[in-house]
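**Student:** Once you've had a glance at the structure underneath, I'll fire off some questions.
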Amino acid sequence: MNDPADRARKYRCSVCDHVYDPAEGDPEAGIPPGTPFESLPETWSCPECGATKADFEPID
């Protein structure tokens, strides 16, 4: 469960195709680089379209 690949896994918004990259974080939302998707607060939303965290899916 603590696989480094999981921490580096990118997630795509199913609404607008925005990709959350943990290496970049989401600085405008106060999310520092290196933050895994799983560690994002439940209140976090897509910076492009405002979709919820639940609207994201992992990409390989």
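All residue names refer to the structure tokens as shown: chains lettered A, B, ... in order, residues numbered from 1 in each chain, ligands numbered from 1 in order.
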Excluding Thr35 in chain A and residues on its chain fewer than 5 positions from it, collect all residues at most 10 Å away from it, counting only C-alpha atoms, and give them as an mmCIF file with C-alpha atoms, in the first residue's frame.
**Tutor:**
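Written output follows (out-v1.cif):
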data_model
loop_
_atom_site.group_PDB
_atom_site.id
_atom_site.type_symbol
_atom_site.label_atom_id
_atom_site.label_comp_id
_atom_site.auth_asym_id
_atom_site.auth_seq_id
_atom_site.Cartn_x
_atom_site.Cartn_y
_atom_site.Cartn_z
ATOM 1 C CA ARG A 7 2.503 8.308 -4.558
ATOM 2 C CA ALA A 8 3.537 9.215 -8.103
ATOM 3 C CA ASP A 21 0.300 15.255 -11.175
ATOM 4 C CA PRO A 22 1.562 14.697 -7.615
ATOM 5 C CA ALA A 23 5.015 15.924 -8.661
ATOM 6 C CA GLU A 24 3.472 19.321 -9.406
ATOM 7 C CA GLY A 25 0.752 19.456 -6.748
ATOM 8 C CA ASP A 26 -1.764 22.303 -7.075
ATOM 9 C CA LEU A 40 -5.667 15.747 -1.109
#
**Student:** Would you list, as a list in words, the residues of chain A that end up in helix (DSSP H, G or I) under DSSP run on this structure's backbone?
**Tutor:**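 Checking each residue of chain A, the helix (DSSP H, G or I) ones are Pro4, Ala5, Asp6, Arg7, Ala8, Pro27, Glu28, Ala29, Phe37, Glu38, Ser39, Lys53, Ala54 and Asp55 of chain A.
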**Student:** May I have the residues within 10 Å of Glu57 in chain A as a list in words, using only C-alpha atoms and disregarding those fewer than 6 positions away in the same chain?
**Tutor:**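 So, after excluding close chain neighbours, the residues are Lys10, Tyr11, Arg12, Cys13, Ser14, Asp17, Val19 and Tyr20 of chain A.
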**Student:** Going by DSSP on the backbone, which residues of chain A come out as strand (DSSP E or B)? List them as a PDB file with all heavy atoms, in the first residue's frame.
**Tutor:**
ATOM      1  N   LYS A  10      -0.686   9.562 -11.388  1.00  0.00           N
ATOM      2  CA  LYS A  10      -1.458  10.714 -11.850  1.00  0.00           C
ATOM      3  C   LYS A  10      -2.928  10.327 -11.934  1.00  0.00           C
ATOM      4  O   LYS A  10      -3.262   9.159 -12.138  1.00  0.00           O
ATOM      5  CB  LYS A  10      -0.959  11.169 -13.223  1.00  0.00           C
ATOM      6  CG  LYS A  10       0.470  11.669 -13.202  1.00  0.00           C
ATOM      7  CD  LYS A  10       0.935  12.034 -14.595  1.00  0.00           C
ATOM      8  CE  LYS A  10       2.394  12.454 -14.579  1.00  0.00           C
ATOM      9  NZ  LYS A  10       2.880  12.778 -15.924  1.00  0.00           N
ATOM     10  N   TYR A  11      -3.776  11.331 -11.774  1.00  0.00           N
ATOM     11  CA  TYR A  11      -5.221  11.129 -11.855  1.00  0.00           C
ATOM     12  C   TYR A  11      -5.808  12.100 -12.870  1.00  0.00           C
ATOM     13  O   TYR A  11      -5.379  13.247 -12.948  1.00  0.00           O
ATOM     14  CB  TYR A  11      -5.875  11.359 -10.484  1.00  0.00           C
ATOM     15  CG  TYR A  11      -5.711  10.186  -9.548  1.00  0.00           C
ATOM     16  CD1 TYR A  11      -4.488   9.887  -8.968  1.00  0.00           C
ATOM     17  CD2 TYR A  11      -6.792   9.367  -9.254  1.00  0.00           C
ATOM     18  CE1 TYR A  11      -4.340   8.804  -8.116  1.00  0.00           C
ATOM     19  CE2 TYR A  11      -6.656   8.282  -8.400  1.00  0.00           C
ATOM     20  CZ  TYR A  11      -5.435   8.005  -7.836  1.00  0.00           C
ATOM     21  OH  TYR A  11      -5.296   6.933  -7.001  1.00  0.00           O
ATOM     22  N   ARG A  12      -6.801  11.620 -13.633  1.00  0.00           N
ATOM     23  CA  ARG A  12      -7.433  12.436 -14.670  1.00  0.00           C
ATOM     24  C   ARG A  12      -8.880  12.742 -14.284  1.00  0.00           C
ATOM     25  O   ARG A  12      -9.619  11.855 -13.857  1.00  0.00           O
ATOM     26  CB  ARG A  12      -7.413  11.715 -16.008  1.00  0.00           C
ATOM     27  CG  ARG A  12      -8.133  12.499 -17.112  1.00  0.00           C
ATOM     28  CD  ARG A  12      -8.111  11.797 -18.453  1.00  0.00           C
ATOM     29  NE  ARG A  12      -6.756  11.774 -18.977  1.00  0.00           N
ATOM     30  CZ  ARG A  12      -6.111  10.670 -19.338  1.00  0.00           C
ATOM     31  NH1 ARG A  12      -6.667   9.491 -19.216  1.00  0.00           N
ATOM     32  NH2 ARG A  12      -4.899  10.748 -19.821  1.00  0.00           N
ATOM     33  N   CYS A  13      -9.269  13.994 -14.500  1.00  0.00           N
ATOM     34  CA  CYS A  13     -10.652  14.408 -14.276  1.00  0.00           C
ATOM     35  C   CYS A  13     -11.520  13.798 -15.373  1.00  0.00           C
ATOM     36  O   CYS A  13     -11.238  13.975 -16.560  1.00  0.00           O
ATOM     37  CB  CYS A  13     -10.752  15.935 -14.296  1.00  0.00           C
ATOM     38  SG  CYS A  13     -12.434  16.551 -14.107  1.00  0.00           S
ATOM     39  N   VAL A  19      -5.276  16.665 -15.676  1.00  0.00           N
ATOM     40  CA  VAL A  19      -4.483  15.637 -15.005  1.00  0.00           C
ATOM     41  C   VAL A  19      -3.850  16.230 -13.758  1.00  0.00           C
ATOM     42  O   VAL A  19      -3.154  17.252 -13.829  1.00  0.00           O
ATOM     43  CB  VAL A  19      -3.401  15.065 -15.949  1.00  0.00           C
ATOM     44  CG1 VAL A  19      -2.478  14.113 -15.187  1.00  0.00           C
ATOM     45  CG2 VAL A  19      -4.045  14.352 -17.120  1.00  0.00           C
ATOM     46  N   TYR A  20      -4.119  15.587 -12.603  1.00  0.00           N
ATOM     47  CA  TYR A  20      -3.441  15.961 -11.362  1.00  0.00           C
ATOM     48  C   TYR A  20      -2.148  15.171 -11.305  1.00  0.00           C
ATOM     49  O   TYR A  20      -2.165  13.935 -11.314  1.00  0.00           O
ATOM     50  CB  TYR A  20      -4.282  15.658 -10.117  1.00  0.00           C
ATOM     51  CG  TYR A  20      -3.497  15.922  -8.846  1.00  0.00           C
ATOM     52  CD1 TYR A  20      -3.324  17.216  -8.386  1.00  0.00           C
ATOM     53  CD2 TYR A  20      -2.870  14.889  -8.159  1.00  0.00           C
ATOM     54  CE1 TYR A  20      -2.567  17.484  -7.263  1.00  0.00           C
ATOM     55  CE2 TYR A  20      -2.105  15.147  -7.034  1.00  0.00           C
ATOM     56  CZ  TYR A  20      -1.959  16.441  -6.599  1.00  0.00           C
ATOM     57  OH  TYR A  20      -1.196  16.704  -5.482  1.00  0.00           O
ATOM     58  N   ASP A  26      -0.825  21.287  -6.585  1.00  0.00           N
ATOM     59  CA  ASP A  26      -1.764  22.303  -7.075  1.00  0.00           C
ATOM     60  C   ASP A  26      -1.480  23.577  -6.283  1.00  0.00           C
ATOM     61  O   ASP A  26      -2.207  23.918  -5.358  1.00  0.00           O
ATOM     62  CB  ASP A  26      -3.206  21.823  -6.889  1.00  0.00           C
ATOM     63  CG  ASP A  26      -4.230  22.793  -7.464  1.00  0.00           C
ATOM     64  OD1 ASP A  26      -3.836  23.828  -8.051  1.00  0.00           O
ATOM     65  OD2 ASP A  26      -5.434  22.527  -7.310  1.00  0.00           O
ATOM     66  N   ILE A  31      -1.666  23.260  -2.476  1.00  0.00           N
ATOM     67  CA  ILE A  31      -1.223  21.865  -2.428  1.00  0.00           C
ATOM     68  C   ILE A  31       0.221  21.819  -2.934  1.00  0.00           C
ATOM     69  O   ILE A  31       0.473  22.078  -4.110  1.00  0.00           O
ATOM     70  CB  ILE A  31      -2.108  20.955  -3.304  1.00  0.00           C
ATOM     71  CG1 ILE A  31      -3.589  21.118  -2.974  1.00  0.00           C
ATOM     72  CG2 ILE A  31      -1.652  19.504  -3.197  1.00  0.00           C
ATOM     73  CD1 ILE A  31      -3.991  20.715  -1.573  1.00  0.00           C
ATOM     74  N   SER A  45     -11.004  20.383  -5.387  1.00  0.00           N
ATOM     75  CA  SER A  45     -11.741  20.216  -6.638  1.00  0.00           C
ATOM     76  C   SER A  45     -10.830  20.516  -7.816  1.00  0.00           C
ATOM     77  O   SER A  45      -9.777  21.138  -7.674  1.00  0.00           O
ATOM     78  CB  SER A  45     -12.969  21.130  -6.667  1.00  0.00           C
ATOM     79  OG  SER A  45     -12.578  22.480  -6.549  1.00  0.00           O
ATOM     80  N   THR A  52     -15.440  17.389  -8.465  1.00  0.00           N
ATOM     81  CA  THR A  52     -15.000  16.919  -7.162  1.00  0.00           C
ATOM     82  C   THR A  52     -13.872  15.897  -7.289  1.00  0.00           C
ATOM     83  O   THR A  52     -13.630  15.338  -8.368  1.00  0.00           O
ATOM     84  CB  THR A  52     -16.153  16.275  -6.382  1.00  0.00           C
ATOM     85  OG1 THR A  52     -16.553  15.079  -7.068  1.00  0.00           O
ATOM     86  CG2 THR A  52     -17.345  17.214  -6.264  1.00  0.00           C
ATOM     87  N   PHE A  56     -12.278  12.040 -10.308  1.00  0.00           N
ATOM     88  CA  PHE A  56     -10.967  11.710 -10.859  1.00  0.00           C
ATOM     89  C   PHE A  56     -10.741  10.222 -10.844  1.00  0.00           C
ATOM     90  O   PHE A  56     -11.225   9.519  -9.965  1.00  0.00           O
ATOM     91  CB  PHE A  56      -9.867  12.402 -10.036  1.00  0.00           C
ATOM     92  CG  PHE A  56      -9.658  13.848 -10.401  1.00  0.00           C
ATOM     93  CD1 PHE A  56     -10.601  14.795 -10.056  1.00  0.00           C
ATOM     94  CD2 PHE A  56      -8.532  14.255 -11.102  1.00  0.00           C
ATOM     95  CE1 PHE A  56     -10.429  16.129 -10.391  1.00  0.00           C
ATOM     96  CE2 PHE A  56      -8.347  15.579 -11.445  1.00  0.00           C
ATOM     97  CZ  PHE A  56      -9.293  16.523 -11.084  1.00  0.00           C
ATOM     98  N   GLU A  57      -9.990   9.743 -11.848  1.00  0.00           N
ATOM     99  CA  GLU A  57      -9.656   8.323 -11.921  1.00  0.00           C
ATOM    100  C   GLU A  57      -8.168   8.174 -12.186  1.00  0.00           C
ATOM    101  O   GLU A  57      -7.571   9.024 -12.868  1.00  0.00           O
ATOM    102  CB  GLU A  57     -10.493   7.627 -13.007  1.00  0.00           C
ATOM    103  CG  GLU A  57     -10.416   8.326 -14.340  1.00  0.00           C
ATOM    104  CD  GLU A  57     -11.538   7.898 -15.287  1.00  0.00           C
ATOM    105  OE1 GLU A  57     -12.561   7.359 -14.839  1.00  0.00           O
ATOM    106  OE2 GLU A  57     -11.370   8.120 -16.495  1.00  0.00           O
ATOM    107  N   PRO A  58      -7.549   7.127 -11.636  1.00  0.00           N
ATOM    108  CA  PRO A  58      -6.105   6.950 -11.839  1.00  0.00           C
ATOM    109  C   PRO A  58      -5.798   6.628 -13.292  1.00  0.00           C
ATOM    110  O   PRO A  58      -6.582   5.997 -13.990  1.00  0.00           O
ATOM    111  CB  PRO A  58      -5.761   5.759 -10.933  1.00  0.00           C
ATOM    112  CG  PRO A  58      -7.044   5.054 -10.695  1.00  0.00           C
ATOM    113  CD  PRO A  58      -8.143   6.068 -10.835  1.00  0.00           C
ATOM    114  N   ILE A  59      -4.646   7.113 -13.737  1.00  0.00           N
ATOM    115  CA  ILE A  59      -4.176   6.782 -15.074  1.00  0.00           C
ATOM    116  C   ILE A  59      -2.818   6.101 -14.953  1.00  0.00           C
ATOM    117  O   ILE A  59      -2.069   6.345 -14.013  1.00  0.00           O
ATOM    118  CB  ILE A  59      -4.104   8.013 -15.993  1.00  0.00           C
ATOM    119  CG1 ILE A  59      -3.231   9.128 -15.400  1.00  0.00           C
ATOM    120  CG2 ILE A  59      -5.474   8.541 -16.289  1.00  0.00           C
ATOM    121  CD1 ILE A  59      -3.071  10.331 -16.302  1.00  0.00           C
TER     122      ILE A  59
END
**Student:** Quick one: pull the distance between CA of Ala51 in chain A and CA of Gly34 in chain A, Å, one decimal.
**Tutor:** 21.5 Å
**Student:** Which distance in Å separates CA of Trp44 in chain A and CA of His18 in chain A, to one decimal?
**Tutor:** 13.7 Å
**Student:** CA of Gly50 in chain A and CA of Glu28 in chain A are how many Å apart?
**Tutor:**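 These atoms are spaced 13.3 Å apart.
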